[in-house]
$ cat entry_27.cif   # mmCIF, C-alpha atoms
data_entry
loop_
_atom_site.label_atom_id
_atom_site.label_comp_id
_atom_site.auth_asym_id
_atom_site.auth_seq_id
_atom_site.Cartn_x
_atom_site.Cartn_y
_atom_site.Cartn_z
CA MET A 1 18.05 -36.53 -4.72
CA ASP A 2 14.87 -38.18 -6.04
CA LEU A 3 11.98 -39.35 -3.93
CA GLN A 4 12.97 -43.01 -4.06
CA ALA A 5 16.48 -42.30 -2.83
CA SER A 6 15.03 -40.17 -0.02
CA LEU A 7 12.68 -42.97 1.00
CA GLU A 8 15.53 -45.47 0.93
CA LEU A 9 17.58 -43.26 3.23
CA ALA A 10 14.59 -42.83 5.54
CA LEU A 11 14.26 -46.62 5.63
CA ILE A 12 17.98 -47.03 6.41
CA ASN A 13 17.43 -44.69 9.35
CA LEU A 14 14.25 -46.40 10.54
CA THR A 15 15.76 -49.86 10.45
CA SER A 16 19.10 -48.94 12.01
CA PRO A 17 19.84 -50.83 15.27
CA PRO A 18 19.93 -47.65 17.44
CA VAL A 19 16.50 -46.46 16.24
CA LEU A 20 15.01 -49.94 16.60
CA ALA A 21 16.46 -50.19 20.12
CA PHE A 22 14.79 -46.87 20.94
CA VAL A 23 11.47 -48.31 19.77
CA LEU A 24 12.12 -51.42 21.87
CA GLY A 25 12.56 -49.14 24.90
CA LEU A 26 9.17 -47.54 24.17
CA VAL A 27 7.61 -51.00 23.86
CA ALA A 28 9.22 -52.11 27.14
CA VAL A 29 7.54 -49.24 28.99
CA ALA A 30 4.21 -49.83 27.26
CA LEU A 31 4.33 -53.49 28.35
CA ARG A 32 5.34 -52.44 31.89
CA THR A 33 8.35 -54.74 31.91
CA ASP A 34 10.93 -54.37 34.64
CA LEU A 35 13.71 -53.66 32.12
CA ARG A 36 16.06 -50.95 33.33
CA LEU A 37 19.63 -50.03 32.50
CA PRO A 38 21.48 -49.73 35.82
CA ASP A 39 22.32 -46.10 36.62
CA ALA A 40 26.05 -46.79 36.62
CA VAL A 41 25.83 -48.32 33.12
CA TYR A 42 23.73 -45.36 31.91
CA GLN A 43 26.30 -42.91 33.26
CA ALA A 44 29.19 -44.93 31.80
CA THR A 45 27.64 -45.20 28.32
CA SER A 46 26.87 -41.48 28.36
CA MET A 47 30.52 -40.77 29.26
CA TYR A 48 31.73 -43.16 26.58
CA LEU A 49 29.64 -41.46 23.88
CA LEU A 50 30.78 -37.96 24.89
CA LEU A 51 34.45 -38.92 25.02
CA ALA A 52 34.31 -40.96 21.80
CA ILE A 53 32.69 -38.09 19.90
CA GLY A 54 35.18 -35.64 21.38
CA ILE A 55 38.25 -37.71 20.49
CA LYS A 56 37.08 -38.44 16.96
CA GLY A 57 36.20 -34.77 16.46
CA GLY A 58 39.60 -33.72 17.81
CA VAL A 59 41.41 -35.93 15.32
CA ALA A 60 39.37 -34.36 12.50
CA LEU A 61 39.89 -30.86 13.90
CA ARG A 62 43.64 -31.32 13.55
CA GLU A 63 43.20 -31.91 9.85
CA ALA A 64 40.94 -28.86 9.35
CA SER A 65 42.45 -25.45 8.65
CA PRO A 66 41.30 -22.46 10.72
CA GLY A 67 39.82 -21.02 7.50
CA ASP A 68 37.59 -24.12 7.07
CA ILE A 69 36.07 -23.92 10.48
CA ALA A 70 35.83 -20.15 11.10
CA TRP A 71 32.52 -19.51 9.29
CA PRO A 72 30.79 -22.67 10.55
CA LEU A 73 31.79 -21.60 14.07
CA VAL A 74 30.36 -18.12 13.55
CA ALA A 75 27.16 -19.60 12.09
CA THR A 76 26.84 -21.97 15.08
CA LEU A 77 27.30 -19.18 17.62
CA VAL A 78 24.75 -16.93 15.88
CA LEU A 79 22.25 -19.80 15.69
CA GLY A 80 22.95 -20.66 19.34
CA ILE A 81 21.76 -17.19 20.31
CA LEU A 82 18.90 -16.77 17.81
CA ILE A 83 17.23 -20.17 18.29
CA PRO A 84 16.38 -19.78 22.00
CA VAL A 85 15.05 -16.27 21.33
CA ALA A 86 12.87 -17.66 18.51
CA ALA A 87 11.70 -20.54 20.73
CA PHE A 88 10.80 -18.10 23.51
CA GLY A 89 8.75 -16.02 21.06
CA ALA A 90 7.09 -19.00 19.37
CA LEU A 91 6.00 -20.44 22.73
CA ARG A 92 4.40 -17.12 23.64
CA VAL A 93 2.24 -17.34 20.53
CA LEU A 94 1.50 -21.07 20.68
CA THR A 95 1.13 -21.82 24.39
CA PRO A 96 -0.16 -20.24 27.59
CA LEU A 97 3.18 -20.92 29.33
CA GLY A 98 4.56 -18.21 31.61
CA ARG A 99 7.88 -16.47 31.22
CA ILE A 100 9.82 -18.86 33.46
CA ASP A 101 8.63 -22.00 31.68
CA ARG A 102 9.18 -20.40 28.27
CA GLY A 103 12.74 -19.50 29.31
CA ALA A 104 13.32 -23.07 30.52
CA MET A 105 12.04 -24.40 27.19
CA ALA A 106 14.21 -21.89 25.28
CA ALA A 107 17.27 -23.14 27.20
CA HIS A 108 16.47 -26.75 26.23
CA TYR A 109 15.83 -25.95 22.56
CA GLY A 110 18.74 -23.51 22.31
CA SER A 111 21.12 -26.19 23.53
CA THR A 112 21.51 -29.42 21.61
CA SER A 113 21.13 -33.19 21.92
CA LEU A 114 24.23 -35.36 21.90
CA VAL A 115 22.27 -38.49 21.04
CA THR A 116 20.39 -36.98 18.11
CA PHE A 117 23.72 -35.68 16.79
CA THR A 118 25.28 -39.11 17.24
CA ALA A 119 22.38 -40.84 15.49
CA ALA A 120 22.78 -38.38 12.59
CA ILE A 121 26.50 -39.19 12.34
CA VAL A 122 25.82 -42.94 12.37
CA PHE A 123 23.13 -42.40 9.71
CA LEU A 124 25.50 -40.41 7.46
CA GLU A 125 28.23 -43.02 7.83
CA ALA A 126 25.79 -45.85 7.04
CA SER A 127 24.62 -43.91 3.96
CA SER A 128 28.23 -43.10 2.88
CA ILE A 129 27.55 -39.37 2.85
CA ALA A 130 30.57 -37.15 3.52
CA PHE A 131 30.58 -34.57 6.30
CA GLU A 132 33.19 -32.42 8.02
CA GLY A 133 34.80 -34.28 10.92
CA TYR A 134 35.00 -31.11 13.02
CA VAL A 135 31.22 -31.04 13.52
CA ALA A 136 31.86 -32.36 17.07
CA THR A 137 33.40 -28.94 17.77
CA LEU A 138 30.15 -27.29 16.67
CA LEU A 139 28.23 -29.62 18.99
CA THR A 140 30.39 -28.47 21.90
CA VAL A 141 30.00 -24.80 20.96
CA LEU A 142 26.23 -25.10 20.69
CA GLU A 143 25.82 -26.72 24.13
CA ILE A 144 26.33 -23.52 26.11
CA PRO A 145 24.92 -20.27 24.62
CA GLY A 146 21.38 -21.58 24.27
CA ILE A 147 21.18 -22.41 27.98
CA VAL A 148 22.55 -19.01 29.00
CA VAL A 149 20.20 -17.13 26.66
CA GLY A 150 17.20 -19.19 27.82
CA LEU A 151 17.95 -18.44 31.47
CA LEU A 152 18.43 -14.75 30.73
CA LEU A 153 15.09 -14.67 28.91
CA ALA A 154 13.41 -16.29 31.90
CA ARG A 155 14.90 -14.13 34.61
CA GLY A 156 16.41 -11.05 33.01
CA LEU A 157 19.83 -9.70 33.85
CA ARG A 158 18.93 -9.00 37.47
CA GLY A 159 18.41 -12.62 38.51
CA GLY A 160 21.19 -13.79 40.81
CA GLY A 161 22.84 -17.19 41.08
CA MET A 162 23.95 -17.29 37.45
CA GLY A 163 27.49 -18.19 38.56
CA GLU A 164 26.49 -21.61 39.91
CA THR A 165 24.51 -22.35 36.78
CA LEU A 166 27.31 -21.32 34.46
CA ARG A 167 29.68 -23.52 36.42
CA GLU A 168 27.22 -26.39 36.08
CA VAL A 169 27.07 -25.92 32.30
CA VAL A 170 30.69 -25.07 31.50
CA PHE A 171 32.37 -27.47 33.93
CA GLY A 172 29.59 -30.05 33.84
CA ARG A 173 30.25 -33.57 32.69
CA SER A 174 29.14 -33.17 29.09
CA VAL A 175 31.18 -30.09 28.12
CA LEU A 176 34.22 -31.32 30.07
CA LEU A 177 34.21 -34.70 28.33
CA LEU A 178 33.56 -33.21 24.89
CA VAL A 179 36.26 -30.54 25.23
CA GLY A 180 38.62 -33.01 26.91
CA GLY A 181 38.01 -35.50 24.10
CA LEU A 182 38.61 -32.83 21.45
CA VAL A 183 41.94 -31.94 23.09
CA ILE A 184 42.95 -35.61 23.38
CA GLY A 185 42.03 -36.25 19.74
CA PHE A 186 43.78 -33.08 18.57
CA LEU A 187 46.99 -33.91 20.44
CA THR A 188 47.10 -37.60 19.65
CA GLY A 189 46.14 -37.28 15.97
CA PRO A 190 45.39 -40.17 13.61
CA VAL A 191 48.44 -42.17 14.78
CA GLY A 192 47.34 -42.18 18.42
CA TYR A 193 43.69 -42.67 17.51
CA VAL A 194 44.44 -45.96 15.77
CA ARG A 195 45.34 -47.42 19.17
CA VAL A 196 41.95 -46.61 20.74
CA GLU A 197 39.85 -47.03 17.61
CA PRO A 198 38.74 -50.61 18.39
CA PHE A 199 37.13 -49.29 21.59
CA PHE A 200 35.97 -45.78 20.67
CA GLY A 201 35.27 -46.40 16.97
CA ASP A 202 34.28 -50.01 16.33
CA LEU A 203 32.09 -50.40 19.41
CA PHE A 204 30.47 -46.99 19.02
CA THR A 205 27.23 -47.94 17.26
CA GLY A 206 26.73 -50.85 19.65
CA VAL A 207 27.06 -48.64 22.72
CA LEU A 208 24.76 -46.05 21.13
CA THR A 209 22.21 -48.83 20.62
CA LEU A 210 22.34 -49.70 24.32
CA PHE A 211 22.01 -46.04 25.29
CA LEU A 212 19.03 -45.55 22.98
CA LEU A 213 17.29 -48.53 24.54
CA GLU A 214 17.42 -46.69 27.87
CA LEU A 215 16.40 -43.39 26.25
CA GLY A 216 13.43 -45.18 24.69
CA MET A 217 12.35 -46.21 28.19
CA LEU A 218 12.90 -42.68 29.54
CA THR A 219 10.86 -41.30 26.64
CA GLY A 220 8.14 -43.89 27.22
CA ARG A 221 7.81 -42.69 30.81
CA GLN A 222 7.27 -39.13 29.55
CA LEU A 223 4.36 -40.14 27.34
CA SER A 224 1.73 -39.66 30.04
CA ALA A 225 2.92 -36.05 30.37
CA VAL A 226 2.83 -35.72 26.58
CA ARG A 227 -0.85 -36.69 26.62
CA GLN A 228 -1.53 -33.84 29.05
CA ALA A 229 0.33 -31.28 26.90
CA GLY A 230 -1.87 -28.79 25.11
CA PRO A 231 -2.08 -28.74 21.32
CA GLY A 232 0.15 -25.64 21.22
CA LEU A 233 3.01 -27.51 22.88
CA VAL A 234 2.63 -30.42 20.45
CA VAL A 235 2.74 -28.02 17.49
CA PHE A 236 5.84 -26.40 18.97
CA ALA A 237 7.63 -29.69 19.74
CA ILE A 238 7.23 -30.88 16.13
CA GLY A 239 7.13 -27.60 14.20
CA PHE A 240 9.93 -25.70 15.89
CA PRO A 241 12.62 -28.34 15.20
CA LEU A 242 11.75 -28.19 11.50
CA LEU A 243 12.14 -24.41 11.56
CA ALA A 244 15.35 -24.45 13.60
CA GLY A 245 16.66 -27.38 11.52
CA ALA A 246 16.06 -25.41 8.31
CA ALA A 247 17.88 -22.43 9.85
CA GLY A 248 20.83 -24.70 10.73
CA VAL A 249 20.94 -26.17 7.21
CA VAL A 250 20.86 -22.68 5.68
CA GLY A 251 23.54 -21.45 8.10
CA GLY A 252 25.77 -24.47 7.40
CA THR A 253 25.41 -24.14 3.64
CA LEU A 254 26.13 -20.41 3.66
CA ALA A 255 29.17 -21.09 5.88
CA GLY A 256 30.52 -23.33 3.13
CA MET A 257 29.87 -26.74 4.66
CA GLU A 258 29.28 -29.90 2.65
CA ILE A 259 25.77 -31.30 2.36
CA GLY A 260 26.43 -33.81 5.17
CA GLY A 261 27.92 -31.09 7.39
CA ALA A 262 25.06 -28.66 6.76
CA MET A 263 22.63 -31.47 7.61
CA VAL A 264 24.46 -32.10 10.90
CA LEU A 265 24.27 -28.40 11.80
CA GLY A 266 20.56 -28.62 11.00
CA VAL A 267 20.22 -31.59 13.36
CA LEU A 268 22.16 -29.74 16.07
CA CYS A 269 19.85 -26.73 15.78
CA ALA A 270 16.69 -28.85 15.59
CA SER A 271 17.43 -30.99 18.63
CA ALA A 272 16.77 -30.10 22.22
CA SER A 273 19.01 -30.88 25.16
CA TYR A 274 17.93 -33.33 27.81
CA ILE A 275 21.21 -33.88 29.62
CA ALA A 276 23.00 -30.54 30.16
CA ALA A 277 19.97 -28.23 30.06
CA PRO A 278 17.65 -30.03 32.52
CA ALA A 279 20.30 -29.98 35.26
CA ALA A 280 21.23 -26.33 34.67
CA VAL A 281 17.61 -25.21 34.41
CA ARG A 282 16.66 -27.16 37.53
CA LEU A 283 19.27 -25.28 39.53
CA ALA A 284 18.66 -21.83 38.05
CA LEU A 285 14.90 -21.92 37.56
CA PRO A 286 13.43 -24.10 40.31
CA GLU A 287 9.94 -22.72 39.58
CA ALA A 288 10.01 -24.07 36.01
CA LYS A 289 8.15 -27.34 35.59
CA PRO A 290 10.47 -30.11 34.31
CA SER A 291 7.43 -32.19 33.34
CA ILE A 292 6.66 -29.67 30.56
CA THR A 293 10.19 -29.30 29.20
CA LEU A 294 10.92 -33.03 29.30
CA ALA A 295 7.57 -33.99 27.77
CA SER A 296 8.37 -31.64 24.91
CA SER A 297 12.12 -32.19 24.42
CA LEU A 298 12.37 -35.89 25.29
CA GLY A 299 8.79 -37.03 24.78
CA MET A 300 8.12 -35.42 21.40
CA THR A 301 11.05 -33.60 19.76
CA PHE A 302 13.65 -36.32 20.33
CA PRO A 303 11.67 -39.22 18.80
CA PHE A 304 10.49 -36.94 15.98
CA ASN A 305 14.07 -35.97 15.10
CA LEU A 306 15.39 -39.50 15.51
CA ILE A 307 12.78 -41.20 13.35
CA ILE A 308 11.62 -38.54 10.87
CA GLY A 309 13.78 -35.44 11.28
CA ILE A 310 17.21 -36.87 10.41
CA PRO A 311 16.36 -37.84 6.80
CA VAL A 312 14.26 -34.67 6.43
CA TYR A 313 17.22 -32.42 7.38
CA LEU A 314 19.37 -34.31 4.87
CA LEU A 315 16.76 -33.62 2.19
CA MET A 316 16.76 -29.94 3.20
CA ALA A 317 20.57 -29.89 2.93
CA GLU A 318 20.42 -31.54 -0.51
CA VAL A 319 17.91 -28.97 -1.77
CA MET A 320 19.78 -26.06 -0.22
CA GLY A 321 23.12 -27.37 -1.49
CA SER A 322 21.94 -27.74 -5.07
CA TRP A 323 20.29 -24.31 -4.98
CA TRP A 324 23.31 -22.57 -3.43
CA GLY A 325 25.84 -24.54 -5.47
CA GLY A 326 23.91 -24.01 -8.68
CA SER A 327 23.24 -20.30 -8.25
CA MET B 1 32.51 -46.81 76.67
CA SER B 2 33.89 -43.35 77.26
CA ASP B 3 32.88 -40.53 74.89
CA PHE B 4 29.73 -42.36 73.81
CA GLY B 5 26.57 -40.29 73.33
CA SER B 6 23.64 -39.12 71.21
CA VAL B 7 23.68 -36.99 68.05
CA THR B 8 21.12 -36.32 65.34
CA CYS B 9 21.31 -38.33 62.14
CA LEU B 10 19.86 -36.17 59.39
CA THR B 11 19.07 -37.95 56.12
CA ILE B 12 18.20 -36.04 52.96
CA VAL B 13 17.15 -37.66 49.69
CA ALA B 14 17.05 -35.27 46.74
CA GLU B 15 17.39 -34.96 42.99
CA ASN B 16 21.07 -35.51 42.35
CA VAL B 17 21.54 -32.18 40.52
CA LEU B 18 21.26 -30.70 44.01
CA GLU B 19 24.19 -32.63 45.48
CA ASP B 20 26.80 -29.84 45.40
CA ARG B 21 24.34 -27.24 46.65
CA LEU B 22 23.17 -29.49 49.49
CA LEU B 23 26.69 -30.33 50.63
CA ALA B 24 27.65 -26.64 50.60
CA VAL B 25 24.66 -25.84 52.83
CA ILE B 26 25.41 -28.69 55.20
CA GLU B 27 29.02 -27.61 55.58
CA GLU B 28 28.03 -23.97 56.00
CA CYS B 29 25.65 -24.94 58.81
CA GLY B 30 28.47 -26.63 60.72
CA ALA B 31 28.39 -30.32 59.77
CA ARG B 32 31.86 -31.86 59.95
CA GLY B 33 31.26 -34.79 57.64
CA TRP B 34 28.67 -36.63 55.59
CA THR B 35 28.05 -39.75 53.56
CA VAL B 36 26.69 -39.53 50.03
CA SER B 37 25.19 -42.44 48.15
CA MET B 38 23.03 -42.87 45.09
CA ALA B 39 19.38 -43.68 45.63
CA GLN B 40 16.40 -44.61 43.51
CA GLY B 41 12.76 -44.31 44.32
CA HIS B 42 9.48 -42.58 43.81
CA GLY B 43 8.15 -39.59 45.69
CA PRO B 44 4.83 -37.79 45.98
CA SER B 45 5.90 -34.73 43.96
CA HIS B 46 7.63 -36.74 41.21
CA HIS B 47 8.65 -33.61 39.36
CA GLY B 48 12.41 -33.82 39.30
CA VAL B 49 14.73 -34.56 36.45
CA SER B 50 16.32 -37.46 38.31
CA GLY B 51 15.21 -40.01 35.74
CA ILE B 52 17.43 -38.26 33.20
CA GLU B 53 20.23 -37.37 35.54
CA GLY B 54 20.60 -40.84 36.98
CA GLY B 55 18.56 -41.09 40.14
CA ASN B 56 18.58 -39.36 43.46
CA VAL B 57 21.26 -38.61 45.93
CA ARG B 58 21.06 -39.65 49.61
CA VAL B 59 23.04 -37.51 52.03
CA GLU B 60 23.47 -38.56 55.67
CA THR B 61 25.14 -36.48 58.29
CA LEU B 62 25.65 -36.89 62.03
CA VAL B 63 25.36 -33.52 63.73
CA THR B 64 24.44 -31.80 66.96
CA GLU B 65 20.87 -30.63 67.50
CA ASP B 66 21.85 -27.00 66.78
CA VAL B 67 23.46 -27.85 63.47
CA ALA B 68 20.51 -30.06 62.52
CA ALA B 69 18.14 -27.17 63.21
CA ARG B 70 20.19 -24.83 61.02
CA ILE B 71 20.28 -27.36 58.16
CA TRP B 72 16.54 -27.94 58.56
CA ALA B 73 15.85 -24.19 58.32
CA ALA B 74 17.93 -23.98 55.12
CA LEU B 75 16.03 -26.96 53.65
CA GLU B 76 12.71 -25.29 54.46
CA SER B 77 13.64 -21.99 52.87
CA ASP B 78 15.71 -23.05 49.83
CA PHE B 79 14.83 -26.62 48.91
CA PHE B 80 11.40 -27.82 50.03
CA PRO B 81 9.35 -25.25 48.05
CA HIS B 82 10.67 -26.17 44.60
CA TYR B 83 12.53 -29.44 44.61
CA ALA B 84 11.77 -33.12 45.10
CA VAL B 85 13.38 -33.52 48.52
CA SER B 86 12.64 -35.86 51.43
CA ALA B 87 14.36 -35.34 54.76
CA TRP B 88 14.09 -36.98 58.16
CA ALA B 89 15.99 -36.93 61.41
CA TYR B 90 16.41 -39.29 64.32
CA ASP B 91 18.63 -39.65 67.35
CA VAL B 92 21.46 -42.12 67.18
CA ARG B 93 24.18 -43.15 69.64
CA VAL B 94 27.70 -42.83 68.36
CA ALA B 95 31.15 -43.68 69.60
CA ARG B 96 33.67 -40.85 69.86
CA LEU B 97 31.04 -38.16 70.38
CA ALA B 98 33.62 -35.39 70.06
CA ARG B 99 33.99 -36.10 66.33
CA TYR B 100 30.49 -34.78 65.67
CA SER B 101 30.31 -31.73 67.91
#
$ encode --input "entry_27.cif" --output "structure tokens"
Amino acid sequence: MDLQASLELALINLTSPPVLAFVLGLVAVALRTDLRLPDAVYQATSMYLLLAIGIKGGVALREASPGDIAWPLVATLVLGILIPVAAFGALRVLTPLGRIDRGAMAAHYGSTSLVTFTAAIVFLEASSIAFEGYVATLLTVLEIPGIVVGLLLARGLRGGGMGETLREVVFGRSVLLLVGGLVIGFLTGPVGYVRVEPFFGDLFTGVLTLFLLELGMLTGRQLSAVRQAGPGLVVFAIGFPLLAGAAGVVGGTLAGMEIGGAMVLGVLCASASYIAAPAAVRLALPEAKPSITLASSLGMTFPFNLIIGIPVYLLMAEVMGSWWGGS
Amino acid sequence: MSDFGSVTCLTIVAENVLEDRLLAVIEECGARGWTVSMAQGHGPSHHGVSGIEGGNVRVETLVTEDVAARIWAALESDFFPHYAVSAWAYDVRVARLARYS
């Protein structure tokens, strides 16, 4: 891909309604308006996105053969374990954070962000770039190991109370809706999906836009904490996603995924959780400071990935794909 | 006005990730029922994740003084040190006193 095409894709991303709504949310906080998505609507849109992604992924999973998905699954699991370990180590070098806070951060960065993933899918569809439909399965797989590894790094094997946390992660809303959606999509197939497509397909980008407006406001409220973050945390919040994203792109390409699919795995690895991980970490590591993890994951990494990262990971996948395909 | 008397109304407002854990503690301490509702607000510690998780949870329970003391002790040891939690208690008069003791 030449530079002009890359810039055009970056512009498509920047001017997409969901990204612009996110910016509007930031502006709303800066202007101190009283705009706020009611909690019930926030919860409902979050449920809608999880279920919609699950169902669509389940329909695609039915069409994939076990051979297609085996290596991407292995790559995702390996990355899900390695990324939190790498984050834990990188934070030790870059920041003065203690073991508990580094473990909490590792759990956030080892897990993944549904909304960044969704924005990447919308971006690929708008750019007419093909990707494997089963990537929603990889999203589900990547939700859990990172959180477990992060908590283990923080507390070691002797820390008690892991059962409650595991229950929170595995039977929590996000994994339940994603797995439930995958099963529904798998069982109902394309024929059944046609009946719900007007709701779960056609309205999807619109609902994502509404959700990103609220996330923009949530991010805006983290910005005061971002200003207090040390330079090491800023370097980590921007630099680590690029590193983890590159690892995801390499893993996806080596696992035989298309350029779009490898890019999505890159996005999954680069993004940090701010739905499943904060709740699990809050319960398991009460001493960890949420202001640090949220300032980093939601205040810096999320907007970076949404605005700059997504086209960058596509570029990485293009370069990696042409190198791997051509060698 | 038979069976009409005083019990303690204990109200706890906490980050909503704590809901299950709080209810388990309340039940363990002997409470026989509770009311849970969603709540929004701002507290002095302001360090929870409630903004992401959709607000706070408000738990109210009508209990005897003994049960209230046990719940209070559990709050002091397991919740107050690390979480954004507000709790207060006051005496209320209820009908059908036997339901709460």
$ residues_around --input "entry_27.cif" --residues "Trp88 (chain B)" --least-positions-apart "3" --cutoff "8 Å" --atoms "all atoms listed in the file" --output "MDAnalysis selection string"
chainID B and resid 10:12
$ resolve_selection --input "entry_27.cif" --expression "the PyMOL selection byres ((chain A and resi 109) around 10)" --output "PyMOL selection string"
chain A and resi 80+83-88+103-108+110-113+146-147+150+237+240-241+244+268-274+277+293+296-297+301
$ atom_distance --input "entry_27.cif" --atom1 "CA of Met316 (chain A)" --atom2 "CA of Gly54 (chain A)"
26.5 Å
$ residues_around --input "entry_27.cif" --residues "region 173-186 of chain A" --least-positions-apart "5" --cutoff "12 Å" --atoms "only C-alpha atoms" --output "number ranges by chain"
A: 43-44, 46-64, 111-115, 133-144, 166-168, 191-197, 200, 273-277, 279-280; B: 17, 53
$ closest_residue --input "entry_27.cif" --among "A:Leu79, A:Leu218, A:Val312, A:Val27" --to "chain B" --atoms "all atoms listed in the file"
A:Leu218
$ resolve_selection --input "entry_27.cif" --expression "the PyMOL selection byres ((chain B and resi 30) around 10)" --output "compact mmCIF listing (two decimals) with C-alpha atoms, in the frame of the given file"
# COMPACT_ATOMS: atom_id res chain seq x y z
CA VAL B 25 24.66 -25.84 52.83
CA ILE B 26 25.41 -28.69 55.20
CA GLU B 27 29.02 -27.61 55.58
CA GLU B 28 28.03 -23.97 56.00
CA CYS B 29 25.65 -24.94 58.81
CA ALA B 31 28.39 -30.32 59.77
CA ARG B 32 31.86 -31.86 59.95
CA GLY B 33 31.26 -34.79 57.64
CA VAL B 63 25.36 -33.52 63.73
CA THR B 64 24.44 -31.80 66.96
CA ASP B 66 21.85 -27.00 66.78
CA VAL B 67 23.46 -27.85 63.47
CA ALA B 68 20.51 -30.06 62.52
CA ARG B 70 20.19 -24.83 61.02
CA ILE B 71 20.28 -27.36 58.16
CA TYR B 100 30.49 -34.78 65.67
CA SER B 101 30.31 -31.73 67.91
$ closest_atom_pairs --input "entry_27.cif" --of "chain A" --to "chain B" --cutoff "7 Å" --atoms "all atoms listed in the file" --output "tab-separated table"
residue	atom	partner	partner_atom	distance
A:Asp39	CA	B:Gly54	CA	5.5
A:Ile275	CA	B:Ile52	CA	6.8
A:Pro278	CA	B:Val49	CA	6.7
A:Ala279	CA	B:Val17	CA	5.8
A:Pro286	CA	B:His82	CA	5.5
A:Glu287	CA	B:His82	CA	6.1
A:Pro290	CA	B:His47	CA	6.4
A:Ser291	CA	B:His47	CA	6.3
$ atom_distance --input "entry_27.cif" --atom1 "CA of Trp324 (chain A)" --atom2 "CA of Thr253 (chain A)"
7.5 Å
